[in-house]
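Okay, structure.txt is below, compact mmCIF, C-alpha atoms:
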# COMPACT_ATOMS: atom_id res chain seq x y z
CA MET A 222 -56.59 -81.78 16.90
CA ALA A 223 -59.40 -79.28 17.58
CA GLU A 224 -57.60 -78.06 20.71
CA ARG A 225 -54.31 -77.30 19.01
CA ALA A 226 -55.46 -76.28 15.53
CA GLN A 227 -56.58 -72.75 16.38
CA ILE A 228 -55.36 -70.99 13.22
CA THR A 229 -57.80 -71.33 10.36
CA PHE A 230 -56.16 -69.69 7.35
CA VAL A 231 -52.73 -68.83 6.04
CA ILE A 232 -51.52 -66.70 3.14
CA ALA A 233 -48.76 -69.08 2.08
CA GLY A 234 -47.36 -67.37 -1.01
CA VAL A 235 -45.85 -65.95 -2.96
CA GLN A 236 -43.05 -63.61 -1.95
CA LYS A 237 -43.27 -60.25 -3.80
CA GLY A 238 -46.76 -61.27 -4.88
CA GLY A 239 -48.84 -58.74 -2.98
CA THR A 240 -49.12 -60.63 0.30
CA THR A 241 -48.23 -57.55 2.34
CA ALA A 242 -51.07 -55.60 0.73
CA LEU A 243 -53.50 -58.48 1.24
CA PHE A 244 -52.55 -58.82 4.90
CA ASP A 245 -52.84 -55.06 5.36
CA TYR A 246 -56.28 -54.92 3.75
CA LEU A 247 -57.55 -57.84 5.85
CA GLY A 248 -56.45 -55.93 8.93
CA ASP A 249 -59.17 -53.37 8.15
CA TYR A 250 -61.89 -55.94 8.81
CA PRO A 251 -62.87 -56.29 12.49
CA ASP A 252 -64.22 -59.81 11.89
CA VAL A 253 -60.77 -61.16 10.90
CA ALA A 254 -58.09 -61.88 13.53
CA LEU A 255 -54.51 -61.59 12.31
CA SER A 256 -51.12 -62.41 13.80
CA ASP A 257 -49.21 -59.65 15.59
CA VAL A 258 -46.65 -59.57 12.77
CA LYS A 259 -47.25 -60.24 9.12
CA GLU A 260 -44.69 -63.03 8.70
CA VAL A 261 -44.69 -65.39 11.66
CA HIS A 262 -42.23 -67.84 10.02
CA PHE A 263 -43.38 -70.78 12.11
CA PHE A 264 -43.80 -73.60 9.61
CA ASP A 265 -40.49 -72.83 7.87
CA ASP A 266 -38.57 -72.74 11.16
CA GLU A 267 -35.91 -75.43 10.95
CA GLY A 268 -35.09 -74.85 14.62
CA GLN A 269 -38.43 -76.35 15.67
CA ASP A 270 -38.61 -79.93 16.88
CA TRP A 271 -41.12 -81.04 14.27
CA ALA A 272 -41.72 -84.30 16.13
CA ALA A 273 -43.23 -82.14 18.90
CA PRO A 274 -43.63 -78.55 17.65
CA ASP A 275 -44.37 -75.72 20.08
CA TYR A 276 -47.83 -74.74 18.91
CA ALA A 277 -48.35 -72.70 22.08
CA ALA A 278 -45.63 -70.31 20.93
CA TYR A 279 -47.32 -70.10 17.54
CA HIS A 280 -50.74 -69.38 19.03
CA ALA A 281 -49.25 -66.66 21.24
CA ARG A 282 -48.75 -64.54 18.09
CA PHE A 283 -52.53 -64.27 17.60
CA PRO A 284 -55.46 -62.74 19.48
CA ALA A 285 -57.30 -65.13 21.79
CA PRO A 286 -59.84 -67.36 20.02
CA ASP A 287 -63.18 -65.57 19.74
CA GLY A 288 -64.85 -67.22 16.77
CA ARG A 289 -63.23 -65.05 14.11
CA PRO A 290 -61.09 -66.59 11.35
CA ARG A 291 -57.48 -66.36 12.57
CA GLY A 292 -54.64 -66.21 10.10
CA GLU A 293 -51.20 -65.03 9.07
CA ALA A 294 -49.16 -64.38 5.94
CA THR A 295 -45.73 -65.96 5.52
CA PRO A 296 -45.16 -66.19 1.76
CA ILE A 297 -42.17 -68.53 1.92
CA TYR A 298 -44.46 -71.36 3.03
CA SER A 299 -45.49 -72.35 -0.48
CA TYR A 300 -41.83 -72.62 -1.52
CA TRP A 301 -39.94 -73.84 1.54
CA PRO A 302 -39.62 -77.65 1.76
CA GLY A 303 -41.74 -79.20 4.46
CA SER A 304 -43.76 -76.09 5.26
CA LEU A 305 -46.99 -77.11 3.56
CA GLU A 306 -46.71 -80.61 4.99
CA ARG A 307 -46.29 -79.15 8.48
CA ILE A 308 -49.33 -76.93 7.97
CA ALA A 309 -51.38 -79.96 6.91
CA ALA A 310 -50.22 -81.88 9.98
CA TYR A 311 -51.18 -78.94 12.20
CA ASN A 312 -54.61 -78.36 10.68
CA PRO A 313 -55.91 -80.52 7.81
CA ALA A 314 -58.85 -78.08 7.51
CA MET A 315 -56.58 -75.05 7.02
CA LYS A 316 -57.65 -72.65 4.29
CA VAL A 317 -54.65 -71.68 2.16
CA ILE A 318 -54.41 -68.53 0.05
CA LEU A 319 -51.84 -67.91 -2.68
CA ALA A 320 -51.38 -64.53 -4.37
CA LEU A 321 -49.52 -65.08 -7.64
CA ARG A 322 -47.65 -62.50 -9.69
CA ASP A 323 -46.09 -62.78 -13.13
CA PRO A 324 -43.02 -64.89 -12.28
CA VAL A 325 -40.66 -62.73 -14.35
CA GLU A 326 -41.78 -59.57 -12.53
CA ARG A 327 -41.64 -61.49 -9.25
CA ALA A 328 -38.03 -62.61 -9.85
CA TRP A 329 -36.96 -59.10 -10.81
CA SER A 330 -38.63 -57.55 -7.76
CA HIS A 331 -37.10 -60.21 -5.52
CA TRP A 332 -33.60 -59.53 -6.90
CA ARG A 333 -34.03 -55.79 -6.45
CA MET A 334 -35.05 -56.31 -2.83
CA GLU A 335 -32.07 -58.54 -2.03
CA SER A 336 -29.71 -56.15 -3.84
CA ALA A 337 -31.07 -53.15 -1.96
CA ARG A 338 -30.58 -54.84 1.39
CA GLY A 339 -27.05 -55.96 0.51
CA ALA A 340 -27.69 -59.71 0.48
CA GLU A 341 -27.10 -59.87 -3.29
CA THR A 342 -24.03 -58.45 -5.02
CA GLN A 343 -24.34 -60.09 -8.45
CA PRO A 344 -26.22 -58.75 -11.51
CA PHE A 345 -29.65 -60.08 -12.31
CA ALA A 346 -28.54 -61.66 -15.60
CA TRP A 347 -25.95 -63.79 -13.79
CA CYS A 348 -28.31 -64.66 -10.93
CA ILE A 349 -31.01 -66.14 -13.17
CA ARG A 350 -28.49 -68.19 -15.14
CA GLU A 351 -25.22 -69.27 -13.51
CA GLY A 352 -26.38 -68.09 -10.10
CA ARG A 353 -28.98 -70.82 -9.89
CA GLN A 354 -26.16 -73.24 -9.05
CA ARG A 355 -26.14 -71.67 -5.61
CA MET A 356 -29.30 -73.62 -4.83
CA PHE A 357 -27.23 -76.79 -4.78
CA GLU A 358 -24.80 -75.39 -2.24
CA ALA A 359 -27.59 -74.46 0.18
CA GLN A 360 -29.26 -76.23 3.09
CA PRO A 361 -31.76 -77.70 2.67
CA TRP A 362 -30.40 -78.78 -0.69
CA GLY A 363 -31.96 -77.05 -3.68
CA HIS A 364 -33.52 -74.19 -1.70
CA HIS A 365 -32.34 -70.76 -0.63
CA ARG A 366 -34.13 -68.02 1.28
CA GLU A 367 -32.46 -65.10 -0.53
CA PHE A 368 -31.22 -66.28 -3.93
CA SER A 369 -34.27 -68.26 -5.10
CA TYR A 370 -35.29 -65.68 -7.72
CA VAL A 371 -36.15 -68.23 -10.40
CA GLU A 372 -37.16 -71.14 -8.22
CA ARG A 373 -39.96 -69.38 -6.37
CA GLY A 374 -41.70 -68.70 -9.68
CA PHE A 375 -42.51 -72.33 -10.46
CA TYR A 376 -46.09 -71.93 -9.33
CA ALA A 377 -47.57 -75.11 -10.80
CA GLU A 378 -44.99 -77.15 -8.94
CA GLN A 379 -46.01 -75.49 -5.68
CA LEU A 380 -49.72 -75.86 -6.38
CA GLU A 381 -49.40 -79.53 -7.28
CA ARG A 382 -47.77 -80.09 -3.91
CA LEU A 383 -50.48 -78.04 -2.20
CA PHE A 384 -53.31 -79.91 -3.94
CA GLY A 385 -51.73 -83.17 -2.84
CA LEU A 386 -52.15 -82.08 0.79
CA PHE A 387 -55.43 -80.12 0.82
CA PRO A 388 -58.74 -80.42 -1.04
CA ARG A 389 -59.05 -77.79 -3.74
CA GLU A 390 -61.96 -76.14 -1.99
CA GLN A 391 -59.51 -75.22 0.80
CA VAL A 392 -57.21 -73.38 -1.60
CA LEU A 393 -57.79 -69.91 -3.05
CA VAL A 394 -55.54 -68.57 -5.81
CA LEU A 395 -55.51 -64.82 -6.49
CA ARG A 396 -53.62 -62.65 -8.96
CA SER A 397 -51.67 -59.83 -7.35
CA GLU A 398 -52.38 -57.52 -10.28
CA ASP A 399 -56.12 -57.85 -9.61
CA LEU A 400 -55.62 -56.90 -5.96
CA ARG A 401 -53.56 -53.89 -6.94
CA ALA A 402 -55.91 -52.72 -9.71
CA ASP A 403 -59.10 -52.95 -7.62
CA PRO A 404 -58.97 -54.62 -4.19
CA GLY A 405 -62.75 -54.89 -3.89
CA PRO A 406 -63.41 -58.08 -5.90
CA PRO A 407 -60.40 -60.05 -4.61
CA LEU A 408 -61.18 -59.10 -1.02
CA ALA A 409 -64.81 -60.11 -1.50
CA GLU A 410 -63.53 -63.47 -2.80
CA VAL A 411 -61.31 -63.87 0.26
CA ARG A 412 -64.20 -63.10 2.59
CA ARG A 413 -66.41 -65.69 0.89
CA PHE A 414 -63.55 -68.18 1.10
CA LEU A 415 -63.23 -67.56 4.84
CA GLY A 416 -66.98 -67.94 5.36
CA LEU A 417 -67.56 -64.27 6.13
CA PRO A 418 -70.51 -62.12 5.00
CA PRO A 419 -70.04 -59.37 2.41
CA ALA A 420 -68.51 -56.14 3.67
CA ALA A 421 -67.46 -52.85 2.14
CA ALA A 422 -63.96 -53.00 0.68
CA PRO A 423 -61.28 -50.70 2.08
CA ALA A 424 -60.18 -47.86 -0.16
CA ALA A 425 -57.40 -48.84 -2.56
CA ARG A 426 -53.93 -47.88 -1.39
CA GLU A 427 -50.33 -48.67 -2.14
CA VAL A 428 -48.72 -50.94 0.45
CA HIS A 429 -44.99 -51.63 0.66
CA VAL A 430 -44.32 -50.75 -2.97
CA GLY A 431 -40.73 -50.66 -4.17
CA PRO A 432 -39.37 -49.13 -7.37
CA THR A 433 -41.13 -49.86 -10.66
CA ASP A 434 -40.30 -53.45 -11.49
CA LEU A 435 -40.31 -53.49 -15.27
CA ASP A 436 -38.10 -50.67 -16.44
CA ALA A 437 -35.04 -50.12 -18.65
CA ASP A 438 -32.84 -52.05 -16.24
CA LEU A 439 -34.63 -55.31 -17.00
CA ALA A 440 -33.12 -56.50 -20.25
CA ALA A 441 -35.28 -58.02 -22.95
CA ALA A 442 -32.87 -60.96 -23.11
CA ASP A 443 -33.48 -61.69 -19.44
CA VAL A 444 -37.25 -61.54 -19.93
CA ALA A 445 -37.02 -63.92 -22.89
CA HIS A 446 -34.76 -66.27 -20.94
CA LEU A 447 -37.17 -66.46 -18.01
CA ARG A 448 -40.22 -66.86 -20.24
CA ALA A 449 -38.52 -69.93 -21.72
CA VAL A 450 -37.56 -71.25 -18.29
CA TYR A 451 -41.13 -70.91 -17.04
CA ALA A 452 -42.90 -72.09 -20.21
CA ALA A 453 -43.61 -75.66 -19.13
CA ASP A 454 -44.62 -74.66 -15.61
CA ASN A 455 -46.85 -71.93 -17.06
CA ASP A 456 -48.65 -74.54 -19.15
CA ARG A 457 -49.14 -76.71 -16.06
CA LEU A 458 -50.41 -73.69 -14.13
CA ALA A 459 -52.97 -72.96 -16.84
CA ALA A 460 -54.18 -76.57 -16.71
CA LEU A 461 -54.45 -76.46 -12.92
CA THR A 462 -56.03 -73.04 -12.44
CA GLY A 463 -56.77 -71.38 -15.77
CA LEU A 464 -54.17 -68.70 -14.98
CA ARG A 465 -51.37 -67.97 -17.43
CA PHE A 466 -48.63 -65.36 -17.21
CA GLY A 467 -46.73 -63.67 -19.99
Could you render the structure as structure tokens?
Amino acid sequence: MAERAQITFVIAGVQKGGTTALFDYLGDYPDVALSDVKEVHFFDDEGQDWAAPDYAAYHARFPAPDGRPRGEATPIYSYWPGSLERIAAYNPAMKVILALRDPVERAWSHWRMESARGAETQPFAWCIREGRQRMFEAQPWGHHREFSYVERGFYAEQLERLFGLFPREQVLVLRSEDLRADPGPPLAEVRRFLGLPPAAAPAAREVHVGPTDLDADLAAADVAHLRAVYAADNDRLAALTGLRFG
């Protein structure tokens, strides 16, 4: 296991939750070794032979081992079925970071991204109601890479799965709004989590920011609908982590 498990941490979620900014900030620290692309998409690769995965190809995306923590950020991992289990099989000592964002804002930002790139042609109101039926026409069943606006926001469900695979001391949960407001404290927390000494925080900057997410185009009825959809999961999240959104 020690020979193959060379990667020591992964930012596993969530999409549109500030993972690009976190990855970018960590790249400013010379004592952290990151993958050559932000999203490696190894553990969600259904083309892999998971009975004998090609870890050499995975390791080739990283600098050679030199004692530094080595990690990547692929935010679909926390959502995609099998990904967290594959990570645990690869390295049971993996440190897993999740950056969470208000799930209503996250869904809206996700829909705007897919609409802008042409993958989505339906209005947001339809997507978060009738459009959820598309999950049951997808493979693997119940999951979709593009149209999972609502489903990716069930954070407690993802964390319960994560805590079933890793000890809690190997999991760090951040709030994306904290990283955006002042990156210093969250980055200091990440460094402690990775076993690194304190270091000066990079200057705050905007990274990969799209249009303002909560504006006149997001209807109050859609916000209220999603708050109701997420209510039970939000209660579970508060019990698990102390975090509550909305």
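Distance check against Arg291 of chain A using all atoms listed in the file: of A:Ser304, A:Asn312, A:Ser330, A:Gln227, the minimum falls on A:Gln227.
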Nearest to Arg289 of chain A by atom-to-atom distance, counting all atoms listed in the file, from A:His262, A:Arg412, A:Arg426, A:Arg350:
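Closest candidate: A:Arg412.
The residue set within 9 Å of segment 458-464 of chain A, counting only C-alpha atoms and dropping same-chain residues fewer than 2 places from it, reads Phe375, Tyr376, Ala377, Glu378, Leu380, Glu381, Val394, Arg396, Ala453, Asp454, Asn455, Asp456 and Phe466 of chain A.
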Using only C-alpha atoms: which of A:Leu247, A:Val253, A:Cys348, A:Ala242 has the shortest distance to Gly416 of chain A:
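Among A:Leu247, A:Val253, A:Cys348, A:Ala242, it is A:Val253 that comes nearest to Gly416 of chain A.
The closest residue to Ala294 of chain A, picked from A:His280, A:Arg373, A:Arg465, A:Lys259 and counting all atoms listed in the file, is A:Lys259.
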Using all atoms listed in the file and a cutoff of 10 Å, can you tell me which residues are near (-48.1, -61.9, 18.8) in the file's coordinates, and write them out as number ranges by chain?
A: 255-259, 261, 278-284
Around (-56.7, -54.9, -8.1), as given in the file, which residues come within 12 Å? Count only C-alpha atoms and list them as a ChimeraX atom specification.
/A:239,242-243,246,320,322,395-409,422-427
Expected file contents, prior selection, C-alpha atoms, as a PDB file, keeping the file's coordinate frame:
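The file below, out02.pdb, is the result:
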ATOM      1  CA  GLY A 239     -48.840 -58.740  -2.980  1.00  0.00           C
ATOM      2  CA  ALA A 242     -51.070 -55.600   0.730  1.00  0.00           C
ATOM      3  CA  LEU A 243     -53.500 -58.480   1.240  1.00  0.00           C
ATOM      4  CA  TYR A 246     -56.280 -54.920   3.750  1.00  0.00           C
ATOM      5  CA  ALA A 320     -51.380 -64.530  -4.370  1.00  0.00           C
ATOM      6  CA  ARG A 322     -47.650 -62.500  -9.690  1.00  0.00           C
ATOM      7  CA  LEU A 395     -55.510 -64.820  -6.490  1.00  0.00           C
ATOM      8  CA  ARG A 396     -53.620 -62.650  -8.960  1.00  0.00           C
ATOM      9  CA  SER A 397     -51.670 -59.830  -7.350  1.00  0.00           C
ATOM     10  CA  GLU A 398     -52.380 -57.520 -10.280  1.00  0.00           C
ATOM     11  CA  ASP A 399     -56.120 -57.850  -9.610  1.00  0.00           C
ATOM     12  CA  LEU A 400     -55.620 -56.900  -5.960  1.00  0.00           C
ATOM     13  CA  ARG A 401     -53.560 -53.890  -6.940  1.00  0.00           C
ATOM     14  CA  ALA A 402     -55.910 -52.720  -9.710  1.00  0.00           C
ATOM     15  CA  ASP A 403     -59.100 -52.950  -7.620  1.00  0.00           C
ATOM     16  CA  PRO A 404     -58.970 -54.620  -4.190  1.00  0.00           C
ATOM     17  CA  GLY A 405     -62.750 -54.890  -3.890  1.00  0.00           C
ATOM     18  CA  PRO A 406     -63.410 -58.080  -5.900  1.00  0.00           C
ATOM     19  CA  PRO A 407     -60.400 -60.050  -4.610  1.00  0.00           C
ATOM     20  CA  LEU A 408     -61.180 -59.100  -1.020  1.00  0.00           C
ATOM     21  CA  ALA A 409     -64.810 -60.110  -1.500  1.00  0.00           C
ATOM     22  CA  ALA A 422     -63.960 -53.000   0.680  1.00  0.00           C
ATOM     23  CA  PRO A 423     -61.280 -50.700   2.080  1.00  0.00           C
ATOM     24  CA  ALA A 424     -60.180 -47.860  -0.160  1.00  0.00           C
ATOM     25  CA  ALA A 425     -57.400 -48.840  -2.560  1.00  0.00           C
ATOM     26  CA  ARG A 426     -53.930 -47.880  -1.390  1.00  0.00           C
ATOM     27  CA  GLU A 427     -50.330 -48.670  -2.140  1.00  0.00           C
TER      28      GLU A 427
END
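Among A:Pro313, A:Pro361, A:Pro388, A:Pro296, the residue with the shortest atom-to-atom distance to Thr240 of chain A, counting all atoms listed in the file, is A:Pro296.
Taking atom CA of Pro419 of chain A and atom CA of Gly234 of chain A as endpoints, the distance between them is 24.3 Å.
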I need the residue nearest Pro251 of chain A from this list: A:Glu326, A:Glu372, A:Asp287, A:Asp266. Use all atoms listed in the file for the distance.
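Selected residue with least distance to Pro251 of chain A: A:Asp287.
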